[in-house]
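Below is one structure, written out as structure tokens; comments come after it.
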Amino acid sequence: MTGSGGLPLQERVEHPNTVERLFLSTLSVLILCLLLYRLAVLPELPGGLAFGVWLTAFLCECWFAFMWVLSFNCKWHFIEHKTFPDRLLQSYSKSSGICRFKSSEEFPAMDVFVTTADPVMEPPIITVNTVLSILAVDYPASKIACYVSDDGCSPITFFSLIEAAKFAHSWVPFCKKYGVECRAPFKYFSESQTVEAHNPSSTFHQDWKEMKEAYEELAKKIPEAAKKSIPDKFSGEQFSDFQRIEKRNHPSIVKIINEHTGRQDDQVPHLIYVSREKRSSHAHHFKAGAMNVLTRVSGVMSNAPFMLNLDCDMFVNNPKAMHHALCLLLGFESETRSGFVQFPQMFHGALNDDPYGNQLKVLIKRLMPGTNAYQGPTYGGTGCFHRRKVIYGQQPPERQEANNESYNYKLANGHQNGRCGMEEALAAIFGGNQPLIESALRAASEGRAVIDPSSSRTLSSSLEAAIAVSACDYEDNTLWGKQIGWDYGSTTEDVMTGCRIHSSGWNSVACLPDPPAFLGAAPSTGPDTMVQQKRWATGLLETLISRRNPVKATVREKLQLRQCMVYLILLLWAVRSVPELCYAILPALCIFTNTSIFPKITDPEFRLPAAVFIIFNLYILVEYLLCGLSVREWWNNQRMARIVSSTAWLFGLLAVLLKVFGISETVFELTRKDDLEGASTEAGKFIFDSSAIYVPATTLLFVNLAALALGLAKVVMDMEATANVGELVCCAWVVLSFLPFVKGLFRRGQHGIPWPTICKSGTVTLTFVCLCRWFSN
């Protein structure tokens, strides 16, 4: 997008992917041929078990073909948006739709949301590093307000933020003076710093040494404070609100830890602590509820037109992150093209070769750019810049012009008579708080922040309103969580909210700068991975069966068909567990019952499933190599895909079924964050616990081991040696995929499968084998 006499802020670059399209097309033809072969053979089969096994294989392969089409849709295009942050201060014509900035002080304000919920699962030092990286970002301090939501209502978290604010008054100037790249101090000081290259007597060396010592003192003080009793350490007026309160039953606490003075020499932005009110009589809606409170609190305090939300472990890695976001938020002729800007969730200090398959590298590098061809990437829950007016429910300008039904902003844009009627309507939507209504009116035009450095108004004057809008009953009889804010009804509120935004006609855009804008922490143990994957699978399926169903949105709203396919590839994670589990059991069942789902190795038709298997895995391997990843990482991700589908995704499906039948509600399970020292486990060694989530996978391993032993025995005895070669290969593939479980059978402690799990799985396996023998006789 260019203005008159100006260069573009962003450029759309479509990369040629001819070779990949050839792979995709070849595989598609082979999959279609395999399905046609299945259909052709089906009528020729005798009835009974043989027919049922073949039909089941056909149905599973139809499902895999459907998932392949969804994946094909995301990979056909490869589009990136290159950003030019250095051009933000160049002149642009307003007629082209891009703002003109004479200096960085004219940049739009940004409200940054950081969420944490438990000081044990999410150690405060992690949150502190994220907050410090935000406060030190390369952006005018007067334009940033950082809000930290503490759903644990922890005095330890509050104390840590107070200490962080003190440290920030030295850390922020240091980063800006010396152009520090990574502004999370733990990361900066842990990396090999070339201070020796500078003169030891230089100003930089002295400042670096002092900052390192100050950070080490901070990092020592926070854990020590957590070990001491609350009355001893957290006494005084600052902590009076934390006395004698319960984690799930307390009033709202909103405290201004640091308020920017408005002076040019003040380099530390606003920092506000928020702990929303909680009562047992009100639903709290997990992270979505916390995000909506932050939206309202920020609306009455700073009311920035753009909002960034980060998880507590997702620190700013690129100091120009906000500049890159602005290039996309302001760089299109129509703001509809960038309803939100999503940065990928990338990780630091992760285990080598991704042994738990949760670093999402290929998804980010291969699938995410493909979504730019449609309505853009899904909202990923962190590292996302939103327009406040979009979160407030405003529809795109084009839709407002075509349809005067933009339910609340037709009032804000003057379609109704009188300001009084306008405010009454907005109160029914946003609640009756007057400053929040003013926030909605200002957001309609992406106006300036309420807190203007040149104004006499301060954050402190908004405290009363902030406490009022963070009350647990404020949302009663409003549209919060339904049509505005973050949507309720799923443990993955991010995807559900993003689907609502896309369905309204807004587009999103992916931004992948170098270096990465934000870095987080990936789970580094088996149990933590399972918790995360189960929560994702549960929430995604909840979205699929909710009012935000993308298929319904494609028919009734503005969601494009191919964007719907982008959503389905995610929302069907839990459902995928059933056909994948069935297909992993079928070869073993065939060996036990002397049936088959594949032709004999001597038959020409055997080449068809063999070709699909070989070419598919070769294609995935090439993808990993193109992303600069190792063969070992490819294999780790492939085996973890099999393990996760038979464990976490399966239990996610069960959780949603229990919810649908009214037996129990889904629970938001928090993923434990490792401390900043990194993972304590050895890479490649799978960790187990006593959870029942490991029973299906262990059973699947036992079944395939037994079938493999029986099949090999038949081959040795030359009893129809070529009859079940395809099934034997599949059994061997499953066993290889579950190799961490094989090793777990012979290990003890956290690296061994617990005996109760082994006993349960052994019982199920024995029952399955007996039933197979009974049906075959």
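The chains in the structure tokens are called A, B, ... from first to last as shown; in each chain the residues are counted from 1, and the ligands are counted from 1 in the order shown.
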
Item to check | Surrounding residues of Phe738 in chain A excluding itself and chain neighbours under 6 positions, 8 Å, only C-alpha atoms, as an NGL selection string | outcome: :A and (639 or 642-643 or 697 or 701)

Create the file for the chosen residues now, containing N, CA and C atoms and written as a PDB file, in the first residue's frame.
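Wrote selection-v5.pdb, looks like this:
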```
ATOM      1  N   ARG A 639       5.719 -39.504  15.387  1.00  0.00           N
ATOM      2  CA  ARG A 639       5.302 -40.446  16.438  1.00  0.00           C
ATOM      3  C   ARG A 639       4.441 -39.755  17.485  1.00  0.00           C
ATOM      4  N   ARG A 642       0.830 -39.586  16.516  1.00  0.00           N
ATOM      5  CA  ARG A 642       0.099 -40.836  16.795  1.00  0.00           C
ATOM      6  C   ARG A 642      -0.204 -40.955  18.292  1.00  0.00           C
ATOM      7  N   ILE A 643       0.767 -40.616  19.116  1.00  0.00           N
ATOM      8  CA  ILE A 643       0.584 -40.738  20.563  1.00  0.00           C
ATOM      9  C   ILE A 643      -0.484 -39.777  21.060  1.00  0.00           C
ATOM     10  N   ALA A 697      -3.193 -45.584  24.840  1.00  0.00           N
ATOM     11  CA  ALA A 697      -1.958 -45.714  24.064  1.00  0.00           C
ATOM     12  C   ALA A 697      -1.194 -46.977  24.448  1.00  0.00           C
ATOM     13  N   LEU A 701      -0.378 -50.238  22.066  1.00  0.00           N
ATOM     14  CA  LEU A 701       0.953 -50.828  21.927  1.00  0.00           C
ATOM     15  C   LEU A 701       0.901 -52.329  22.171  1.00  0.00           C
TER      16      LEU A 701
END
```

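Distance annotation: of A:Ile601, A:Leu708, A:Cys582, A:Ala373, the residue with the minimal separation from Cys74 in chain A is A:Ala373; atom set is only C-alpha atoms.
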
Item to check | Test item: residues at most 12 Å from Gln238 in chain A, only C-alpha atoms, excluding those fewer than 5 positions along its chain, as a list in words | outcome: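 Residues meeting the cut-off are Pro155, Phe158, Phe159, Ile162, Lys233, Gln243, Ile253, Val254, Lys255, Ile256, Ile257 and Tyr273 of chain A.
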
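Near Leu541 in chain A, within a cut-off of 10 Å and counting only C-alpha atoms, sit the residues Ser490, Thr491, Thr492, Trp536, Ala537, Ile545, Ser546, Asn549, Leu568, Leu570, Leu571, Leu572, Trp573, Ala574, Val575, Trp649, Gly652, Leu653, Ala655, Val656 and Leu657 of chain A, with same-chain residues fewer than 4 positions away left out.
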
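If only C-alpha atoms are the atoms counted, then among A:Leu618, A:Val268, A:Ala648, A:Leu310 the closest residue to Phe174 in chain A is A:Val268.
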
Checklist entry - Could you pull out all residues of range 208-274 of chain A with a DSSP call of alpha helix (DSSP H) and give them as a list in words? => result Trp208, Lys209, Glu210, Met211, Lys212, Glu213, Ala214, Tyr215, Glu216, Glu217, Leu218, Ala219, Lys220, Lys221, Ile222, Pro223, Glu224, Ala225, Ala226, Lys227, Ile230, Pro231, Asp232 and Lys233 of chain A

Item to check | Shell around range 752-766 of chain A at 12 Å using only C-alpha atoms, local window under 4 positions removed, as a VMD selection string | outcome: chain A and resid 526 to 527 585 588 to 589 685 to 707 740 to 748 770 to 773

Next on the checklist: With distances taken over only C-alpha atoms, which residue among A:Cys153, A:Ile597, A:Ile31, A:Val390 lies nearest Phe242 in chain A?
Outcome noted: A:Cys153

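Among the candidates A:Ile501, A:Ile245, A:Val341, A:Ala321, the residue lying nearest to Lys482 in chain A is A:Ile501 (atoms considered: only C-alpha atoms).
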
Checklist entry - For the atom pair CA of Asn258 in chain A and CA of Leu271 in chain A, what is the interatomic distance in Å to one decimal place? => result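 CA of Leu271 in chain A lies 4.9 Å from CA of Asn258 in chain A.
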
Item to check | Members of range 18-235 of chain A assigned strand (DSSP E) by DSSP, as number ranges by chain | outcome: A: 79-83, 110-116, 144-150

Keeping only N, CA, C and O atoms, write those residues as a short mmCIF file (atom, residue, chain, number, x, y, z; two decimals), in the first residue's frame.
```cif
data_model
loop_
_atom_site.label_atom_id
_atom_site.label_comp_id
_atom_site.auth_asym_id
_atom_site.auth_seq_id
_atom_site.Cartn_x
_atom_site.Cartn_y
_atom_site.Cartn_z
N ILE A 79 2.05 -17.35 1.02
CA ILE A 79 2.04 -15.89 0.93
C ILE A 79 2.54 -15.29 2.25
O ILE A 79 2.09 -15.68 3.33
N GLU A 80 3.47 -14.37 2.14
CA GLU A 80 3.97 -13.65 3.30
C GLU A 80 3.76 -12.15 3.09
O GLU A 80 3.67 -11.67 1.96
N HIS A 81 3.67 -11.43 4.20
CA HIS A 81 3.57 -9.97 4.15
C HIS A 81 4.87 -9.41 4.73
O HIS A 81 5.12 -9.54 5.93
N LYS A 82 5.66 -8.82 3.87
CA LYS A 82 6.91 -8.21 4.31
C LYS A 82 6.61 -6.82 4.85
O LYS A 82 5.92 -6.03 4.21
N THR A 83 7.11 -6.51 6.03
CA THR A 83 6.84 -5.22 6.65
C THR A 83 8.07 -4.32 6.60
O THR A 83 9.21 -4.79 6.60
N MET A 110 -0.94 1.79 22.58
CA MET A 110 -1.07 0.34 22.65
C MET A 110 -1.35 -0.07 24.09
O MET A 110 -0.61 0.33 25.00
N ASP A 111 -2.38 -0.86 24.29
CA ASP A 111 -2.62 -1.50 25.58
C ASP A 111 -2.17 -2.95 25.49
O ASP A 111 -2.56 -3.67 24.55
N VAL A 112 -1.34 -3.38 26.43
CA VAL A 112 -0.78 -4.73 26.40
C VAL A 112 -1.34 -5.51 27.59
O VAL A 112 -1.28 -5.05 28.72
N PHE A 113 -1.89 -6.69 27.31
CA PHE A 113 -2.50 -7.53 28.33
C PHE A 113 -1.61 -8.76 28.58
O PHE A 113 -1.23 -9.46 27.65
N VAL A 114 -1.30 -9.01 29.84
CA VAL A 114 -0.55 -10.20 30.25
C VAL A 114 -1.41 -10.96 31.24
O VAL A 114 -1.90 -10.37 32.21
N THR A 115 -1.60 -12.25 31.03
CA THR A 115 -2.47 -13.04 31.91
C THR A 115 -1.67 -14.11 32.64
O THR A 115 -0.86 -14.81 32.04
N THR A 116 -1.93 -14.23 33.92
CA THR A 116 -1.35 -15.31 34.74
C THR A 116 -2.42 -15.77 35.72
O THR A 116 -3.34 -15.00 36.04
N ILE A 144 2.23 3.39 25.85
CA ILE A 144 2.05 1.99 26.25
C ILE A 144 1.48 1.92 27.66
O ILE A 144 1.93 2.63 28.56
N ALA A 145 0.51 1.04 27.82
CA ALA A 145 -0.01 0.71 29.15
C ALA A 145 -0.03 -0.81 29.26
O ALA A 145 -0.64 -1.48 28.42
N CYS A 146 0.67 -1.36 30.24
CA CYS A 146 0.75 -2.81 30.43
C CYS A 146 -0.15 -3.21 31.59
O CYS A 146 0.02 -2.75 32.71
N TYR A 147 -1.12 -4.08 31.30
CA TYR A 147 -2.06 -4.56 32.31
C TYR A 147 -1.78 -6.03 32.58
O TYR A 147 -1.73 -6.84 31.65
N VAL A 148 -1.58 -6.37 33.85
CA VAL A 148 -1.32 -7.76 34.23
C VAL A 148 -2.52 -8.30 34.98
O VAL A 148 -2.90 -7.78 36.04
N SER A 149 -3.15 -9.33 34.41
CA SER A 149 -4.29 -9.97 35.06
C SER A 149 -3.80 -11.14 35.90
O SER A 149 -3.16 -12.06 35.37
N ASP A 150 -4.08 -11.09 37.19
CA ASP A 150 -3.67 -12.15 38.12
C ASP A 150 -4.92 -12.86 38.62
O ASP A 150 -5.56 -12.43 39.57
#
```

Item to check | Counting only C-alpha atoms, the residue of A:Gln533, A:Asn129, A:Ser461, A:Ser334 that sits nearest Leu650 in chain A | outcome: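 Of A:Gln533, A:Asn129, A:Ser461, A:Ser334, the one nearest Leu650 in chain A is A:Gln533, counting only C-alpha atoms.
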
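You can rank A:Gly370, A:Pro269, A:Glu224, A:Ala443 by their closest distance to Phe306 in chain A using only C-alpha atoms, and at the top of that list sits A:Ala443.
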
Each residue of range 276-391 of chain A with at least one atom at most 9 Å from range 84-89 of chain A should appear once, together with its nearest atom pair and the corresponding distance in Å (one decimal); atoms considered: only C-alpha atoms; ordering: chain, then increasing residue number; output as a tab-separated table.
```
residue	atom	partner	partner_atom	distance
A:Lys320	CA	A:Pro85	CA	7.7
A:Met322	CA	A:Pro85	CA	8.9
A:His323	CA	A:Pro85	CA	5.2
A:His324	CA	A:Pro85	CA	5.6
A:Ala325	CA	A:Pro85	CA	8.6
A:Leu326	CA	A:Pro85	CA	7.8
A:Cys327	CA	A:Pro85	CA	6.2
```
